[in-house]
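Written out below as structure tokens is the structure these notes cover.
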Protein chains: 2
Amino acid sequence: VPTTVEIIEAKRDGRELPEDEIRSIVLGFTAGKVPDYQMSAFLMAVYLKGMTTAETVSMTRAMVDSGETLDLSAIPGIKLDKHSTGGVGDKVSLAFVAILAAAGVPVAKMSGRGLGITGGTLDKLESISGFQVELSSQQIVDQVSSIGACICAQTKYIAPADKGIYALRDVTGTVESSSLVASSVMSKKIAGGADTILLDVKYGRGAFMKSYEAARTMALLMRDIGIAHGKQMVVEMSSMDIPLGRAVGNLIEVKEAADFLRNAETDARLKSLIYELAQKAILAVGNSSSAVDLVESGKAWSKFVEIVEAQGGDVRSIERWNDITPAAVVRCTQSGFVTDVDAEIIGRSSNLLGAGRAKKDDSVDHLAGIRIDSPVGQEVETGSILATLYGCTGSTVAQAMAMIESAFRVDNASRAEIRPQFEQVGDALS
Amino acid sequence: VPTTVEIIEAKRDGRELPEDEIRSIVLGFTAGKVPDYQMSAFLMAVYLKGMTTAETVSMTRAMVDSGETLDLSAIPGIKLDKHSTGGVGDKVSLAFVAILAAAGVPVAKMSGRGLGITGGTLDKLESISGFQVELSSQQIVDQVSSIGACICAQTKYIAPADKGIYALRDVTGTVESSSLVASSVMSKKIAGGADTILLDVKYGRGAFMKSYEAARTMALLMRDIGIAHGKQMVVEMSSMDIPLGRAVGNLIEVKEAADFLRNAETDARLKSLIYELAQKAILAVGNSSSAVDLVESGKAWSKFVEIVEAQGGDVRSIERWNDITPAAVVRCTQSGFVTDVDAEIIGRSSNLLGAGRAKKDDSVDHLAGIRIDSPVGQEVETGSILATLYGCTGSTVAQAMAMIESAFRVDNASRAEIRPQFEQVGDALS
């Protein structure tokens with residue numbers, strides 16, 4: 001194996017690195033033999049020169065092998081995991097896991113925290129009083145064996161190379177590299193030990209990848225990495241131009257997911273996406289249950305309660321939401337139809353109110369967030385409430401109100417002028 | 001000023017950085033506020049995206065300002081410095097400084113150590129018993145005031161940013177960047193405080209830059225940086241395809257330079273280059289002395305002795321060379337003319353014998369080296385000595401002998417077939 005400098009130079013010169021060289025730099029870094037400054041030069045070279053699919057597979061495998069792979073073999077059946085590349089208002093996982101577990105499909109779901117404008121499932125779950133996201137490997141296996149599902153943080157033994165590399169990428173301008181993003185996501189999913197992985201790859205204003213083409217390239221790359229590691233991959237593409245559902249924040253999103261599972265009236269696009277993803281996953285593992293039946297019969301809600309209680313959470317605490325006083329409302333200044341709600345602006349506004357984090361170590365306000373009272377397609381009058389704000393008070397609220405107002409577009413035109421992608425649900429990767 | 005990450009991202013995306021952003025990262029690095037891993041990501045981005053001349057000037061200025069600039073104002077006259085981009089057998093500085101000082105031109109020459117196949121003037125001078133290369137700023141000013149010249153190491157206060165950045169470049173695959181090379185060289189020259197800087201920019205197999213075009217681009221960039229800092233620049237281009245002179249090593253090169261100053265028979269190309277550079281420099285500062293007269297009259301040799309003694313060296317120790325037993329000789333296996341001696345191979349062979357260093361902290365063997373007994377143009381017979389080896393013994397010598405033999409080409413053809421550039425001396429930058 002060449003020296004670390006020679007490996008950096010090869011990538012700098014755009015050469016394709018063989019697996020042993022990628023392993024040498026990644027595992028050397030984890031072992032403390034390759035210093036930060038060599039890894040960051042390597043990451044910048046990768047950012048600017050790219051990696052082939054074969055290199056990205058090698059990178060992923062090295063990151064998986066830097067730690068432990070969860071052994072789910074004691075659990076009978078085809079084990080499932082799900083990952084969303086992140087969006088604004090994306091609480092699909094909360095309902096998805098409950099539906100799958102209710103169908104009898106074992107789900108060992110490892111989630112992340114929010115960063116930037118995209119929320120994180122762990123932050124949302126922690127808004128439930130007592131909910132424990134940190135489970136040991138044994139606790140994960142035990143809980144999935146007994147009740148069929150868990151939703152937890154990655155253990156510290158999962159892909160430690162990824163943690164170190166991500167921390168460096170964050171401060172060296174090397175975050176937005178498709179190979180680095182794909183290997184980071186997939187190394188954690190593969191080390192999570194599931195047999196089947198469902199990916200929901202988002203594109204649009206509120207997503208990490210703004211264009212459909214970039215998201216599709218990423219989706220194909222992640223799919224190929226999974227297949228190269230012997231995983232069954234189910235990959236869906238879904239639009240993230242407008243917020244998903246009516247709620248953006250933490251507890252407010254848990255409430256929306258819980259209400260959906262209790263058959264309350266739910267935003268049509270959110271409902272369709274949950275059913276689409278859940279049904280695809282159910283079929284992929286050879287199960288014949290109906291996702292709709294599992295929700296309508298209340299079985300999915302019972303399973304959700306079971307999961308929350310198994311992880312120490314108090315389901316009744318979700319109802320705290322009903323007692324919270326809004327910080328402000330944003331009203332409409334004209335009549336017409338809402339033809340656009342910019343997910344990126346809503347995401348930034350939600351962060352401003354305290355629901356998200358700008359840096360990894362920031363804390364989040366579980367009660368902060370935004371309710372979209374008038375979603376795309378809604379007819380409004382002057383004075384109609386467009387959105388309700390929760391969270392911090394004072395001048396920040398005024399700033400958030402102005403931002404949120406700018407996210408909405410109200411036209412005198414008819415519903416027919418709404419851009420079709422705003423009503424679109426997920427599509428299988430073609 | 002943007003954050004360090006934003007500056008790295010701007011360079012990564014190929015944007016031209018304003019002076020304050022470059023200063024922020026360079027001076028932040030020197031102050032310990034910008035960590036190694038951010039600087040190395042920045043350096044890789046600079047390597048791959050390049051810098052404009054304006055950015056390189058800013059980078060140089062920031063590196064100069066990271067430390068102290070030598071104040072030579074107490075010394076009357078136009079102060080001169082000289083820099084060679086490095087070659088194999090390049091002992092020009094040793095004679096050059098003596099000639100200029102003999103002409104009455106004050107020379108405060110700061111030199112470096114050898115790295116890779118190119119030797120370093122400090123290593124050569126330290127082969128003279130007792131010679132001190134470390135002088136304080138005050139000692140430099142005092143010695144140049146009293147005897148007209150010194151040849152010494154950069155003080156630790158000169159461009160400390162360059163030292164830290166160079167150490168990082170060496171281990172992160174970011175050495176060969178024209179902007180980083182030019183700013184490194186020029187920051188030290190500018191901080192050296194001279195009014196006029198003569199640059200000898202080498203190209204060819206034994207040089208840092210292999211092609212004339214790359215060397216010319218570098219020469220123009222270094223000239224522009226000097227002019228932007230108010231320096232008078234004299235820039236010469238010279239070929240480094242074959243070794244310069246007959247001696248390659250440390251003490252052996254000092255001996256060749258000393259013999260030239262004592263009017264011994266000297267390799268024609270070496271002699272021409274010394275006179276060419278010395279005369280250009282003398283004229284550039286408005287002096288009317290003849291370089292040839294200064295050598296032929298013995299004045300340059302006297303000045304050399306004076307400089308060596310002022311810095312604690314024993315000139316008689318140079319004659320140790322006569323008592324050294326060669327390790328081996330390489331003989332010719334055919335008759336004809338020597339039509340090529342590959343400088344790169346000779347440089348690597350010299351290192352193998354112990355004369356150079358592969359890493360910065362390696363020590364050098366002052367007595368190791370190679371004498372070219374049959375230079376390009378020489379008529380040879382089977383059994384003629386091509387080269388004599390000095391230094392280590394054992395299997396390394398056998399390896400060096402084979403390498404050196406491969407550096408020579410002997411053809412039955414006439415002298416006319418020798419490539420013209422091998423006989424070419426320096427040319428002013430056009």
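Simple scheme: letters A, B, ... for chains in structure tokens order, numbers from 1 for residues in each chain, numbers from 1 for ligands in the order shown.
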
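All of the residues in chain B within 9 Å of chain A are Thr4, Val5, Glu6, Ile7, Ile8, Glu9, Ala10, Arg12, Asp13, Pro35, Asp36, Tyr37, Gln38, Met39, Ser40, Ala41, Phe42, Leu43, Met44, Ala45, Tyr47, Leu48, Lys49, Leu168, Asp170, Val171, Thr172, Gly173 and Thr174 of chain B, where only C-alpha atoms were counted.
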
Go ahead and dump the residues you just picked, C-alpha atoms, as a PDB file, in the first residue's frame.
```pdb
ATOM      1  CA  THR B   4     -12.690  30.286   7.573  1.00  0.00           C
ATOM      2  CA  VAL B   5     -15.126  27.698   6.185  1.00  0.00           C
ATOM      3  CA  GLU B   6     -16.625  30.310   3.858  1.00  0.00           C
ATOM      4  CA  ILE B   7     -13.144  31.275   2.625  1.00  0.00           C
ATOM      5  CA  ILE B   8     -12.302  27.606   1.970  1.00  0.00           C
ATOM      6  CA  GLU B   9     -15.612  27.159   0.128  1.00  0.00           C
ATOM      7  CA  ALA B  10     -14.991  30.240  -2.014  1.00  0.00           C
ATOM      8  CA  ARG B  12     -13.049  25.423  -3.583  1.00  0.00           C
ATOM      9  CA  ASP B  13     -15.614  26.949  -5.951  1.00  0.00           C
ATOM     10  CA  PRO B  35      -6.306  24.697  12.686  1.00  0.00           C
ATOM     11  CA  ASP B  36      -4.073  22.533  10.491  1.00  0.00           C
ATOM     12  CA  TYR B  37      -7.021  20.638   9.046  1.00  0.00           C
ATOM     13  CA  GLN B  38      -8.651  23.795   7.716  1.00  0.00           C
ATOM     14  CA  MET B  39      -5.384  25.081   6.264  1.00  0.00           C
ATOM     15  CA  SER B  40      -4.722  21.760   4.509  1.00  0.00           C
ATOM     16  CA  ALA B  41      -8.216  21.718   2.963  1.00  0.00           C
ATOM     17  CA  PHE B  42      -7.579  25.308   1.816  1.00  0.00           C
ATOM     18  CA  LEU B  43      -4.183  24.349   0.349  1.00  0.00           C
ATOM     19  CA  MET B  44      -5.717  21.451  -1.593  1.00  0.00           C
ATOM     20  CA  ALA B  45      -8.394  23.802  -2.946  1.00  0.00           C
ATOM     21  CA  TYR B  47      -3.681  23.417  -5.572  1.00  0.00           C
ATOM     22  CA  LEU B  48      -6.670  22.279  -7.645  1.00  0.00           C
ATOM     23  CA  LYS B  49      -8.340  25.631  -8.390  1.00  0.00           C
ATOM     24  CA  LEU B 168       1.676  20.925   5.829  1.00  0.00           C
ATOM     25  CA  ASP B 170       4.888  18.410   2.373  1.00  0.00           C
ATOM     26  CA  VAL B 171       2.493  15.852   3.936  1.00  0.00           C
ATOM     27  CA  THR B 172      -0.745  16.707   2.100  1.00  0.00           C
ATOM     28  CA  GLY B 173       0.227  16.427  -1.563  1.00  0.00           C
ATOM     29  CA  THR B 174       0.150  20.184  -2.139  1.00  0.00           C
TER      30      THR B 174
END
```

Residues near range 240-245 of chain B, anyone? I mean within 7 Å using only C-alpha atoms, not counting same-chain ones fewer than 4 positions away, as a ChimeraX atom specification. /B:87-90,202-207,267,269-270,341-343,422

Let's have the selection written as an mmCIF file, in the first residue's frame, with N, CA and C atoms.
```cif
data_model
loop_
_atom_site.group_PDB
_atom_site.id
_atom_site.type_symbol
_atom_site.label_atom_id
_atom_site.label_comp_id
_atom_site.auth_asym_id
_atom_site.auth_seq_id
_atom_site.Cartn_x
_atom_site.Cartn_y
_atom_site.Cartn_z
ATOM 1 N N GLY B 87 18.732 23.106 -8.377
ATOM 2 C CA GLY B 87 19.127 22.165 -9.415
ATOM 3 C C GLY B 87 20.152 21.196 -8.881
ATOM 4 N N VAL B 88 20.726 20.429 -9.787
ATOM 5 C CA VAL B 88 21.712 19.413 -9.428
ATOM 6 C C VAL B 88 23.095 19.962 -9.758
ATOM 7 N N GLY B 89 23.912 20.132 -8.709
ATOM 8 C CA GLY B 89 25.257 20.690 -8.912
ATOM 9 C C GLY B 89 25.280 22.205 -8.968
ATOM 10 N N ASP B 90 24.209 22.839 -8.496
ATOM 11 C CA ASP B 90 24.119 24.304 -8.572
ATOM 12 C C ASP B 90 24.827 24.958 -7.387
ATOM 13 N N LYS B 202 15.162 27.612 -12.872
ATOM 14 C CA LYS B 202 15.665 26.433 -13.581
ATOM 15 C C LYS B 202 14.529 25.640 -14.213
ATOM 16 N N TYR B 203 14.814 25.036 -15.370
ATOM 17 C CA TYR B 203 13.847 24.127 -15.992
ATOM 18 C C TYR B 203 14.598 22.923 -16.528
ATOM 19 N N GLY B 204 13.908 21.805 -16.630
ATOM 20 C CA GLY B 204 14.535 20.591 -17.178
ATOM 21 C C GLY B 204 14.469 19.437 -16.197
ATOM 22 N N ARG B 205 15.044 18.315 -16.611
ATOM 23 C CA ARG B 205 14.946 17.069 -15.843
ATOM 24 C C ARG B 205 15.373 17.192 -14.385
ATOM 25 N N GLY B 206 16.436 17.968 -14.139
ATOM 26 C CA GLY B 206 16.968 18.043 -12.778
ATOM 27 C C GLY B 206 16.383 19.193 -11.978
ATOM 28 N N ALA B 207 15.393 19.882 -12.570
ATOM 29 C CA ALA B 207 14.808 21.051 -11.904
ATOM 30 C C ALA B 207 13.448 20.696 -11.344
ATOM 31 N N ASP B 267 34.512 23.929 -15.490
ATOM 32 C CA ASP B 267 33.482 23.564 -16.471
ATOM 33 C C ASP B 267 32.919 24.819 -17.138
ATOM 34 N N ARG B 269 30.198 25.587 -18.801
ATOM 35 C CA ARG B 269 28.814 26.021 -18.598
ATOM 36 C C ARG B 269 28.636 26.649 -17.217
ATOM 37 N N LEU B 270 29.253 26.058 -16.220
ATOM 38 C CA LEU B 270 29.182 26.600 -14.865
ATOM 39 C C LEU B 270 29.781 28.009 -14.826
ATOM 40 N N VAL B 341 24.009 13.354 -19.876
ATOM 41 C CA VAL B 341 24.140 12.954 -18.469
ATOM 42 C C VAL B 341 22.861 13.457 -17.802
ATOM 43 N N ASP B 342 22.011 12.529 -17.380
ATOM 44 C CA ASP B 342 20.683 12.910 -16.878
ATOM 45 C C ASP B 342 20.796 13.485 -15.454
ATOM 46 N N ALA B 343 20.508 14.765 -15.324
ATOM 47 C CA ALA B 343 20.667 15.442 -14.029
ATOM 48 C C ALA B 343 19.779 14.835 -12.948
ATOM 49 N N PHE B 422 22.047 21.542 -23.889
ATOM 50 C CA PHE B 422 23.011 21.114 -22.883
ATOM 51 C C PHE B 422 24.183 22.077 -22.790
#
```

Hey, what's within 10 Å of Ser73 in chain B if we count only C-alpha atoms and toss same-chain stuff fewer than 6 positions away? As JSON, numbers by chain, please? {"B": [79, 141, 193, 194, 195]}

Strand (DSSP E or B) residues, from DSSP on the backbone, in range 346-385 of chain A, as an MDAnalysis selection string: chainID A and resid 369:372 379:380 385

One decimal, in Å: what's the spacing between CA of Val338 in chain B and CA of Val376 in chain B? 4.9 Å

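The space between CA of Thr396 in chain B and CA of Lys255 in chain B spans 24.6 Å.
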
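Atom to atom, CA of Ser335 in chain A and CA of Ala402 in chain A stand 18.5 Å apart.
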
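Every protein, DNA or RNA residue with an atom at most 9 Å from range 380-385 of chain B, where only C-alpha atoms count and chain neighbours fewer than 4 positions away do not, is listed here: Val329, Val330, Arg331, Cys332, Thr333, Gln334, Ser335, Gly336, Phe337, Val338, Ile372, Asp373, Ser374 and Val410 of chain B.
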
Can you pull out the residues contacting range 313-321 of chain A? Cut-off 6 Å, using only C-alpha atoms, and skip same-chain residues under 2 positions away; I want them as a list in words. Ile128, Ser129, Gly130, Phe131, Val308, Glu309, Gln311, Asp323 and Ile324 of chain A

If you keep C-alpha atoms, can you produce a file of those selected residues as a short mmCIF file (atom, residue, chain, number, x, y, z; two decimals), in the first residue's frame?
```
data_model
loop_
_atom_site.label_atom_id
_atom_site.label_comp_id
_atom_site.auth_asym_id
_atom_site.auth_seq_id
_atom_site.Cartn_x
_atom_site.Cartn_y
_atom_site.Cartn_z
CA ILE A 128 -42.08 12.93 24.00
CA SER A 129 -41.45 13.01 27.79
CA GLY A 130 -39.06 10.28 28.87
CA PHE A 131 -38.33 8.90 25.39
CA VAL A 308 -42.91 4.72 22.71
CA GLU A 309 -43.55 2.94 26.01
CA GLN A 311 -38.38 3.27 25.05
CA ASP A 323 -52.19 23.49 25.78
CA ILE A 324 -49.44 25.48 24.09
#
```

Surrounding residues of Gly28 in chain A excluding itself and chain neighbours under 4 positions, 12 Å, only C-alpha atoms, as a compact mmCIF listing (two decimals) with all heavy atoms, in the first residue's frame:
```
# COMPACT_ATOMS: atom_id res chain seq x y z
N THR A 3 2.05 5.29 0.58
CA THR A 3 1.94 6.14 1.77
C THR A 3 0.67 7.00 1.67
O THR A 3 0.08 7.14 0.60
CB THR A 3 3.13 7.10 1.88
OG1 THR A 3 3.10 7.98 0.76
CG2 THR A 3 4.46 6.33 1.88
N THR A 4 0.30 7.59 2.80
CA THR A 4 -0.88 8.45 2.82
C THR A 4 -0.72 9.61 1.83
O THR A 4 -1.66 9.96 1.11
CB THR A 4 -1.11 9.00 4.25
OG1 THR A 4 -1.24 7.88 5.13
CG2 THR A 4 -2.35 9.83 4.32
N ASP A 20 -7.74 -1.15 -1.29
CA ASP A 20 -6.80 -1.19 -0.16
C ASP A 20 -6.27 0.20 0.19
O ASP A 20 -5.96 0.47 1.35
CB ASP A 20 -5.65 -2.19 -0.41
CG ASP A 20 -4.84 -1.84 -1.64
OD1 ASP A 20 -5.32 -1.05 -2.48
OD2 ASP A 20 -3.72 -2.36 -1.77
N GLU A 21 -6.18 1.10 -0.80
CA GLU A 21 -5.70 2.45 -0.50
C GLU A 21 -6.76 3.26 0.25
O GLU A 21 -6.45 4.02 1.17
CB GLU A 21 -5.29 3.17 -1.80
CG GLU A 21 -4.12 2.44 -2.47
CD GLU A 21 -3.54 3.17 -3.68
OE1 GLU A 21 -3.84 4.35 -3.87
OE2 GLU A 21 -2.78 2.51 -4.42
N ILE A 22 -8.02 3.08 -0.15
CA ILE A 22 -9.10 3.78 0.55
C ILE A 22 -9.21 3.26 1.99
O ILE A 22 -9.34 4.03 2.94
CB ILE A 22 -10.43 3.62 -0.22
CG1 ILE A 22 -10.33 4.42 -1.54
CG2 ILE A 22 -11.62 4.08 0.61
CD1 ILE A 22 -11.49 4.22 -2.49
N ARG A 23 -9.10 1.95 2.15
CA ARG A 23 -9.13 1.37 3.51
C ARG A 23 -7.98 1.91 4.34
O ARG A 23 -8.14 2.20 5.53
CB ARG A 23 -9.00 -0.16 3.45
CG ARG A 23 -10.22 -0.86 2.95
CD ARG A 23 -10.04 -2.38 3.06
NE ARG A 23 -10.33 -2.87 4.38
CZ ARG A 23 -11.55 -3.03 4.85
NH1 ARG A 23 -12.60 -2.71 4.12
NH2 ARG A 23 -11.75 -3.50 6.07
N SER A 24 -6.80 2.02 3.71
CA SER A 24 -5.61 2.47 4.43
C SER A 24 -5.83 3.87 5.02
O SER A 24 -5.51 4.13 6.17
CB SER A 24 -4.42 2.45 3.46
OG SER A 24 -3.39 3.26 3.92
N GLY A 32 -6.10 6.81 14.36
CA GLY A 32 -5.27 7.94 14.80
C GLY A 32 -3.92 7.99 14.12
O GLY A 32 -3.06 8.80 14.49
N LYS A 33 -3.71 7.15 13.10
CA LYS A 33 -2.42 7.15 12.42
C LYS A 33 -2.38 8.14 11.26
O LYS A 33 -1.32 8.62 10.87
CB LYS A 33 -2.08 5.73 11.92
CG LYS A 33 -1.59 4.83 13.06
CD LYS A 33 -1.21 3.44 12.58
CE LYS A 33 -2.44 2.59 12.38
NZ LYS A 33 -2.17 1.16 12.14
N VAL A 34 -3.52 8.41 10.68
CA VAL A 34 -3.62 9.45 9.64
C VAL A 34 -4.19 10.68 10.32
O VAL A 34 -5.32 10.66 10.79
CB VAL A 34 -4.53 8.99 8.48
CG1 VAL A 34 -4.80 10.12 7.51
CG2 VAL A 34 -3.91 7.80 7.75
N PRO A 35 -3.39 11.77 10.40
CA PRO A 35 -3.88 12.95 11.13
C PRO A 35 -4.99 13.69 10.39
O PRO A 35 -5.15 13.55 9.17
CB PRO A 35 -2.64 13.83 11.27
CG PRO A 35 -1.67 13.35 10.25
CD PRO A 35 -2.01 11.92 9.93
N ASP A 36 -5.72 14.50 11.15
CA ASP A 36 -6.80 15.34 10.61
C ASP A 36 -6.41 16.09 9.34
O ASP A 36 -7.18 16.16 8.40
CB ASP A 36 -7.17 16.43 11.65
CG ASP A 36 -8.03 15.90 12.76
OD1 ASP A 36 -8.41 14.72 12.73
OD2 ASP A 36 -8.32 16.68 13.69
N GLN A 38 -4.24 15.48 7.05
CA GLN A 38 -4.14 14.68 5.82
C GLN A 38 -5.53 14.26 5.37
O GLN A 38 -5.83 14.29 4.18
CB GLN A 38 -3.25 13.45 6.04
CG GLN A 38 -1.78 13.83 6.18
CD GLN A 38 -0.85 12.63 6.18
OE1 GLN A 38 -1.11 11.64 6.86
NE2 GLN A 38 0.24 12.72 5.43
N MET A 39 -6.39 13.89 6.31
CA MET A 39 -7.75 13.51 5.93
C MET A 39 -8.47 14.69 5.29
O MET A 39 -9.18 14.51 4.30
CB MET A 39 -8.51 13.01 7.17
CG MET A 39 -9.94 12.57 6.88
SD MET A 39 -10.14 11.38 5.49
CE MET A 39 -10.01 9.82 6.34
N ALA A 62 -15.09 0.54 4.09
CA ALA A 62 -14.06 0.88 5.09
C ALA A 62 -14.70 1.54 6.31
O ALA A 62 -14.33 1.28 7.46
CB ALA A 62 -13.01 1.78 4.47
N MET A 63 -15.69 2.42 6.05
CA MET A 63 -16.35 3.11 7.16
C MET A 63 -17.18 2.13 7.99
O MET A 63 -17.20 2.21 9.22
CB MET A 63 -17.19 4.27 6.63
CG MET A 63 -16.29 5.49 6.38
SD MET A 63 -16.91 6.64 5.13
CE MET A 63 -18.35 7.28 5.93
N ASP A 65 -16.46 -1.04 8.32
CA ASP A 65 -15.49 -1.88 9.03
C ASP A 65 -14.70 -1.12 10.10
O ASP A 65 -13.95 -1.73 10.86
CB ASP A 65 -14.53 -2.52 8.03
CG ASP A 65 -15.24 -3.54 7.15
OD1 ASP A 65 -16.40 -3.89 7.47
OD2 ASP A 65 -14.66 -3.97 6.14
N SER A 66 -14.85 0.20 10.14
CA SER A 66 -14.17 0.97 11.20
C SER A 66 -14.83 0.73 12.56
O SER A 66 -14.28 1.08 13.59
CB SER A 66 -14.19 2.47 10.87
OG SER A 66 -15.49 3.01 11.06
N ALA A 161 -15.59 5.94 11.89
CA ALA A 161 -14.88 6.73 10.87
C ALA A 161 -15.80 7.81 10.33
O ALA A 161 -15.38 8.94 10.08
CB ALA A 161 -14.41 5.83 9.73
N GLY A 164 -15.94 10.89 12.65
CA GLY A 164 -14.74 11.73 12.55
C GLY A 164 -14.67 12.46 11.23
O GLY A 164 -14.34 13.65 11.17
```

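If only C-alpha atoms are the atoms counted, then among B:Thr52, B:Ala368, B:Val107, B:Ala358 the closest residue to Ile225 in chain B is B:Thr52.
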
Find the spatial neighbours of Gly86 in chain B, counting only C-alpha atoms, within a cut-off of 12 Å - ignore same-chain residues fewer than 4 positions away - and output them as a PyMOL selection string. chain B and resi 82+90-93+111-121+185+199-210+215+237-240+243-244+343-344+347

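Among the candidates A:Lys189, A:Arg61, A:Lys109, A:Lys299, the residue lying nearest to Asn263 in chain A is A:Lys299 (atoms considered: only C-alpha atoms).
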
Determine which residues of range 110-198 of chain B receive a DSSP assignment of alpha helix (DSSP H), computed from the backbone, and state them as a PyMOL selection string. chain B and resi 121-125+137-147+160-171+178-191
